[in-house]
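Visitor: Take a look at target07.txt, compact mmCIF, C-alpha atoms:
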```
# COMPACT_ATOMS: atom_id res chain seq x y z
CA MET A 1 93.05 107.86 115.07
CA ARG A 2 90.53 106.31 117.45
CA ILE A 3 87.07 107.06 118.75
CA ASP A 4 86.70 106.87 122.51
CA VAL A 5 83.50 104.86 123.00
CA THR A 6 83.29 105.81 126.67
CA LYS A 7 82.11 109.24 125.48
CA SER A 8 79.28 107.83 123.33
CA ARG A 9 76.41 105.82 124.74
CA GLU A 10 75.29 104.87 121.24
CA LEU A 11 78.64 103.27 120.38
CA GLN A 12 78.76 101.49 123.73
CA ALA A 13 75.27 100.14 123.10
CA ALA A 14 76.31 98.96 119.63
CA ILE A 15 79.31 97.08 121.03
CA PHE A 16 77.24 95.48 123.79
CA ALA A 17 74.52 94.58 121.28
CA ILE A 18 76.89 92.87 118.88
CA ARG A 19 78.51 90.93 121.73
CA SER A 20 75.14 89.48 122.73
CA LEU A 21 74.15 88.39 119.23
CA ASP A 22 74.27 84.92 117.75
CA LYS A 23 77.56 84.09 115.98
CA THR A 24 75.92 83.96 112.54
CA ILE A 25 74.39 87.41 112.99
CA GLN A 26 77.75 88.76 114.22
CA LYS A 27 79.32 87.38 111.06
CA LEU A 28 76.64 89.06 108.91
CA VAL A 29 77.27 92.40 110.64
CA ARG A 30 81.01 92.12 109.97
CA GLN A 31 80.47 91.13 106.33
CA HIS A 32 77.93 93.90 105.60
CA THR A 33 80.06 96.53 107.31
CA LYS A 34 83.19 95.55 105.42
CA ARG A 35 81.35 95.34 102.09
CA ILE A 36 80.22 98.96 102.42
CA ALA A 37 83.16 100.48 104.34
CA ALA A 38 86.06 99.17 102.21
CA PRO A 39 85.10 100.94 98.96
CA GLU A 40 84.21 104.14 100.82
CA TRP A 41 87.60 104.19 102.57
CA SER A 42 89.38 103.53 99.29
CA LYS A 43 87.44 106.33 97.55
CA ALA A 44 88.27 108.78 100.35
CA LEU A 45 91.99 108.00 100.03
CA HIS A 46 91.89 108.32 96.25
CA ARG A 47 90.12 111.69 96.54
CA LYS A 48 92.88 113.02 98.81
CA ALA A 49 95.82 111.56 96.83
CA SER A 50 97.04 113.96 94.17
CA THR A 51 100.26 112.32 92.96
CA ALA A 52 100.94 108.90 91.48
CA LEU A 53 103.25 108.09 94.40
CA GLU A 54 100.51 108.89 96.94
CA ARG A 55 98.02 106.76 95.03
CA THR A 56 100.45 103.84 94.80
CA VAL A 57 101.71 103.92 98.38
CA LEU A 58 98.65 105.08 100.33
CA ALA A 59 95.44 104.81 98.31
CA ASN A 60 95.99 101.51 96.49
CA THR A 61 96.95 99.71 99.71
CA SER A 62 93.80 100.59 101.66
CA VAL A 63 92.30 97.87 103.85
CA VAL A 64 89.28 97.78 106.16
CA THR A 65 89.12 95.17 108.91
CA VAL A 66 85.92 94.67 110.89
CA THR A 67 85.67 92.84 114.21
CA ASN A 68 82.98 92.73 116.86
CA GLN A 69 84.88 95.44 118.75
CA ASN A 70 85.93 97.88 116.03
CA VAL A 71 86.28 98.92 112.43
CA ARG A 72 89.92 99.49 111.46
CA ALA A 73 90.78 101.46 108.33
CA GLN A 74 94.41 101.07 107.29
CA SER A 75 96.71 102.01 104.47
CA ALA A 76 100.30 101.20 103.46
CA SER A 77 100.27 97.99 105.46
CA LYS A 78 100.16 95.54 102.58
CA GLY A 79 102.00 94.99 99.34
CA ARG A 80 105.62 94.58 98.44
CA PRO A 81 108.37 97.09 97.70
CA LEU A 82 107.97 99.12 94.52
CA SER A 83 110.30 98.64 91.56
CA GLY A 84 112.50 101.54 92.67
CA GLY A 85 112.94 100.03 96.14
CA LEU A 86 110.44 102.12 98.14
CA ASN A 87 108.66 99.90 100.66
CA PRO A 88 105.17 101.25 101.45
CA LYS A 89 105.11 99.43 104.80
CA THR A 90 108.13 101.29 106.13
CA ASP A 91 108.53 104.39 103.96
CA TRP A 92 104.96 105.74 104.05
CA PRO A 93 105.71 108.71 106.40
CA GLY A 94 107.64 110.56 103.71
CA VAL A 95 104.75 110.19 101.30
CA GLU A 96 102.10 111.14 103.88
CA PHE A 97 103.88 114.00 105.66
CA GLY A 98 106.28 115.19 102.95
CA ALA A 99 109.94 116.07 103.34
CA THR A 100 112.19 119.07 103.60
CA ALA A 101 114.23 119.58 100.43
CA GLN A 102 117.92 119.75 101.30
CA ASP A 103 121.18 120.04 99.42
CA ALA A 104 123.38 116.95 99.45
CA THR A 105 126.98 117.61 98.53
CA TYR A 106 129.45 114.84 97.89
CA THR A 107 132.65 114.16 95.96
CA ARG A 108 132.58 111.87 92.96
CA VAL A 109 135.15 110.53 90.56
CA SER A 110 134.38 110.95 86.86
CA PRO A 111 134.99 108.16 84.35
CA LYS A 112 138.22 109.96 83.36
CA GLY A 113 139.42 109.88 86.98
CA THR A 114 139.03 113.54 88.00
CA ARG A 115 137.44 114.36 91.32
CA HIS A 116 134.81 117.04 91.70
CA ARG A 117 132.08 118.07 94.09
CA VAL A 118 128.42 117.54 93.20
CA THR A 119 125.46 119.23 94.88
CA ARG A 120 122.00 117.74 94.46
CA LYS A 121 118.57 118.50 95.89
CA THR A 122 117.12 115.62 97.90
CA GLY A 123 113.47 115.18 98.76
CA THR A 124 112.18 117.16 95.80
CA GLN A 125 110.04 114.24 94.61
CA LEU A 126 108.01 114.52 97.83
CA ARG A 127 105.65 117.27 98.87
CA ARG A 128 106.67 119.98 101.31
CA ARG A 129 106.57 118.89 104.96
CA ASN A 130 103.11 119.05 106.55
CA ARG A 131 102.38 117.92 110.11
CA GLU A 132 98.69 117.34 109.32
CA GLY A 133 99.42 114.86 106.54
CA TYR A 134 98.22 114.95 102.96
CA VAL A 135 96.25 111.77 102.30
CA PHE A 136 95.65 109.32 105.15
CA TYR A 137 95.01 111.66 108.06
CA PRO A 138 92.69 114.07 106.21
CA ALA A 139 90.77 111.07 104.83
CA ALA A 140 90.60 109.54 108.32
CA ARG A 141 89.27 112.79 109.83
CA GLU A 142 86.56 112.77 107.19
CA MET A 143 85.73 109.06 107.33
CA VAL A 144 85.95 108.03 111.01
CA PRO A 145 82.56 109.55 111.95
CA ARG A 146 81.03 108.09 108.79
CA LEU A 147 82.46 104.63 109.48
CA ALA A 148 81.20 104.72 113.08
CA SER A 149 77.74 105.73 111.88
CA LEU A 150 77.78 103.04 109.20
CA TRP A 151 78.78 100.41 111.74
CA VAL A 152 75.97 101.28 114.14
CA GLN A 153 73.41 101.45 111.31
CA THR A 154 74.57 98.07 109.99
CA ILE A 155 74.25 96.49 113.43
CA VAL A 156 70.72 97.84 113.87
CA LYS A 157 69.62 96.88 110.36
CA THR A 158 71.08 93.36 110.61
CA ILE A 159 69.39 92.78 113.97
CA GLY A 160 66.10 94.06 112.51
CA ASN A 161 66.40 91.78 109.50
CA ALA A 162 67.20 88.81 111.75
CA ILE A 163 64.12 89.50 113.88
CA GLU A 164 61.95 89.68 110.76
CA GLY A 165 63.58 86.52 109.39
CA LYS A 166 65.02 88.17 106.28
CA GLN A 167 68.19 86.81 104.73
CA GLU A 168 70.44 89.49 103.27
```
Represent the structure of the file as structure tokens.

Guide:
Amino acid sequence: MRIDVTKSRELQAAIFAIRSLDKTIQKLVRQHTKRIAAPEWSKALHRKASTALERTVLANTSVVTVTNQNVRAQSASKGRPLSGGLNPKTDWPGVEFGATAQDATYTRVSPKGTRHRVTRKTGTQLRRRNREGYVFYPAAREMVPRLASLWVQTIVKTIGNAIEGKQE
């Protein structure tokens, strides 16, 4: 989900302002923005996550990256596979968008050697399919305007503090 800055003069002004700043002030803007945005993004994901799997895969892997051009809020892009084998980096869509429960039928051989058919439900550990998403996308819809506002406010405040000679 992205904000088109060509539609907002304020965001364009913020980007042009940060480009023209001294490198140390640019660094301060990035640090202040990340310090405030990262916990807010994590809280938003935790509020939307209702199962332990969603918290583990989506909420606990939240990351905010701040550059002079943008603020990027991510999830499920770090960490290693879980003990059961689920890899958050590749398997997050099932957790975010759910799955359709289906019957899987197969033939198995019992320990005594007899063959029989087994039918099992697959996908029941995931929520029902939802195109809108359950955790990341609702949190992003809520947080993107807030993160943009925070970024602009941080740029203005940091420039103001630099003009006044305050160290923060």

Visitor: So what do you get for CA of Trp151 in chain A versus CA of Thr33 in chain A, distance-wise?

Guide: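 Spanning CA of Trp151 in chain A to CA of Thr33 in chain A is a straight-line distance of 6.0 Å.
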
Visitor: I want to know what sits within 10 Å of range 127-136 of chain A, based on only C-alpha atoms, with residues of the same chain fewer than 3 positions away left out; could you give that as a PDB file with C-alpha atoms, keeping the file's coordinate frame?

Guide:
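In the end it all went to out_25.pdb:
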```
ATOM      1  CA  TRP A  41      87.600 104.190 102.570  1.00  0.00           C
ATOM      2  CA  ALA A  44      88.270 108.780 100.350  1.00  0.00           C
ATOM      3  CA  LEU A  45      91.990 108.000 100.030  1.00  0.00           C
ATOM      4  CA  HIS A  46      91.890 108.320  96.250  1.00  0.00           C
ATOM      5  CA  ARG A  47      90.120 111.690  96.540  1.00  0.00           C
ATOM      6  CA  LYS A  48      92.880 113.020  98.810  1.00  0.00           C
ATOM      7  CA  ALA A  49      95.820 111.560  96.830  1.00  0.00           C
ATOM      8  CA  SER A  50      97.040 113.960  94.170  1.00  0.00           C
ATOM      9  CA  THR A  51     100.260 112.320  92.960  1.00  0.00           C
ATOM     10  CA  GLU A  54     100.510 108.890  96.940  1.00  0.00           C
ATOM     11  CA  ARG A  55      98.020 106.760  95.030  1.00  0.00           C
ATOM     12  CA  LEU A  58      98.650 105.080 100.330  1.00  0.00           C
ATOM     13  CA  ALA A  59      95.440 104.810  98.310  1.00  0.00           C
ATOM     14  CA  SER A  62      93.800 100.590 101.660  1.00  0.00           C
ATOM     15  CA  ALA A  73      90.780 101.460 108.330  1.00  0.00           C
ATOM     16  CA  GLN A  74      94.410 101.070 107.290  1.00  0.00           C
ATOM     17  CA  SER A  75      96.710 102.010 104.470  1.00  0.00           C
ATOM     18  CA  ALA A  76     100.300 101.200 103.460  1.00  0.00           C
ATOM     19  CA  PRO A  93     105.710 108.710 106.400  1.00  0.00           C
ATOM     20  CA  GLY A  94     107.640 110.560 103.710  1.00  0.00           C
ATOM     21  CA  VAL A  95     104.750 110.190 101.300  1.00  0.00           C
ATOM     22  CA  GLU A  96     102.100 111.140 103.880  1.00  0.00           C
ATOM     23  CA  PHE A  97     103.880 114.000 105.660  1.00  0.00           C
ATOM     24  CA  GLY A  98     106.280 115.190 102.950  1.00  0.00           C
ATOM     25  CA  ALA A  99     109.940 116.070 103.340  1.00  0.00           C
ATOM     26  CA  THR A 100     112.190 119.070 103.600  1.00  0.00           C
ATOM     27  CA  ALA A 101     114.230 119.580 100.430  1.00  0.00           C
ATOM     28  CA  GLY A 123     113.470 115.180  98.760  1.00  0.00           C
ATOM     29  CA  THR A 124     112.180 117.160  95.800  1.00  0.00           C
ATOM     30  CA  ALA A 139      90.770 111.070 104.830  1.00  0.00           C
ATOM     31  CA  ALA A 140      90.600 109.540 108.320  1.00  0.00           C
ATOM     32  CA  ARG A 141      89.270 112.790 109.830  1.00  0.00           C
ATOM     33  CA  GLU A 142      86.560 112.770 107.190  1.00  0.00           C
TER      34      GLU A 142
END
```

Visitor: Here is a test: counting all atoms listed in the file, which residue of A:Lys166, A:Arg120, A:Lys7, A:Arg30 is nearest to Asn68 in chain A?

Guide: A:Arg30

Visitor: Quick one: of A:Gln31, A:Ser20, A:Asn87, A:Gln12, who's nearest to Thr65 in chain A, counting only C-alpha atoms?

Guide: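 Distance minimum relative to Thr65 in chain A lands on A:Gln31.
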
Visitor: For a test of reading the model, state the distance in Å between CA of Thr90 in chain A and CA of Thr67 in chain A, rounded to one decimal.

Guide: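 That distance, rounded to one decimal, is 25.3 Å.
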
Visitor: For Ala162 in chain A, work out the shell of residues within 12 Å, counting all atoms listed in the file and skipping chain neighbours fewer than 6 positions away, then give it as a list in words.

Guide: Leu21, Asp22, Thr24, Ile25, Gln26, Leu28, Val29, Thr154, Ile155, Val156 and Glu168 of chain A

Visitor: Just C-alpha atoms for this one: save the residues we selected as a compact mmCIF listing (two decimals), in the frame of the given file.

Guide:
```txt
# COMPACT_ATOMS: atom_id res chain seq x y z
CA LEU A 21 74.15 88.39 119.23
CA ASP A 22 74.27 84.92 117.75
CA THR A 24 75.92 83.96 112.54
CA ILE A 25 74.39 87.41 112.99
CA GLN A 26 77.75 88.76 114.22
CA LEU A 28 76.64 89.06 108.91
CA VAL A 29 77.27 92.40 110.64
CA THR A 154 74.57 98.07 109.99
CA ILE A 155 74.25 96.49 113.43
CA VAL A 156 70.72 97.84 113.87
CA GLU A 168 70.44 89.49 103.27
```

Visitor: One decimal, in Å: what's the spacing between CA of Gly85 in chain A and CA of Gln102 in chain A?

Guide: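 Computed distance, CA of Gly85 in chain A to CA of Gln102 in chain A, equals 21.0 Å.
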
Visitor: List the residues sitting within 10 Å of (104.1, 95.0, 97.6) in the file's frame, using all atoms listed in the file, as a list of chain:residue names.

Guide: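 Output: A:Thr56, A:Val57, A:Thr61, A:Ala76, A:Ser77, A:Lys78, A:Gly79, A:Arg80, A:Pro81, A:Leu82, A:Ser83, A:Leu86, A:Asn87, A:Pro88, A:Lys89.
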
Visitor: Smallest atom-to-atom distance to Trp92 in chain A: which of A:Ile159, A:Lys23, A:Leu126, A:His116, using only C-alpha atoms?

Guide: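 When distances to Trp92 in chain A are compared using only C-alpha atoms, the smallest one comes from A:Leu126.
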
Visitor: Counting only C-alpha atoms, find residues at most 10 Å from (82.6, 104.8, 117.0) (file frame) and give them as a PyMOL selection string.

Guide: chain A and resi 2-12+14-15+69-71+144-152

Visitor: Hey, which of A:Lys27, A:Lys157, A:Val64, A:Pro111 ends up closest to Glu40 in chain A? Count all atoms listed in the file.

Guide: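 Of A:Lys27, A:Lys157, A:Val64, A:Pro111, the one nearest Glu40 in chain A, counting all atoms listed in the file, is A:Val64.
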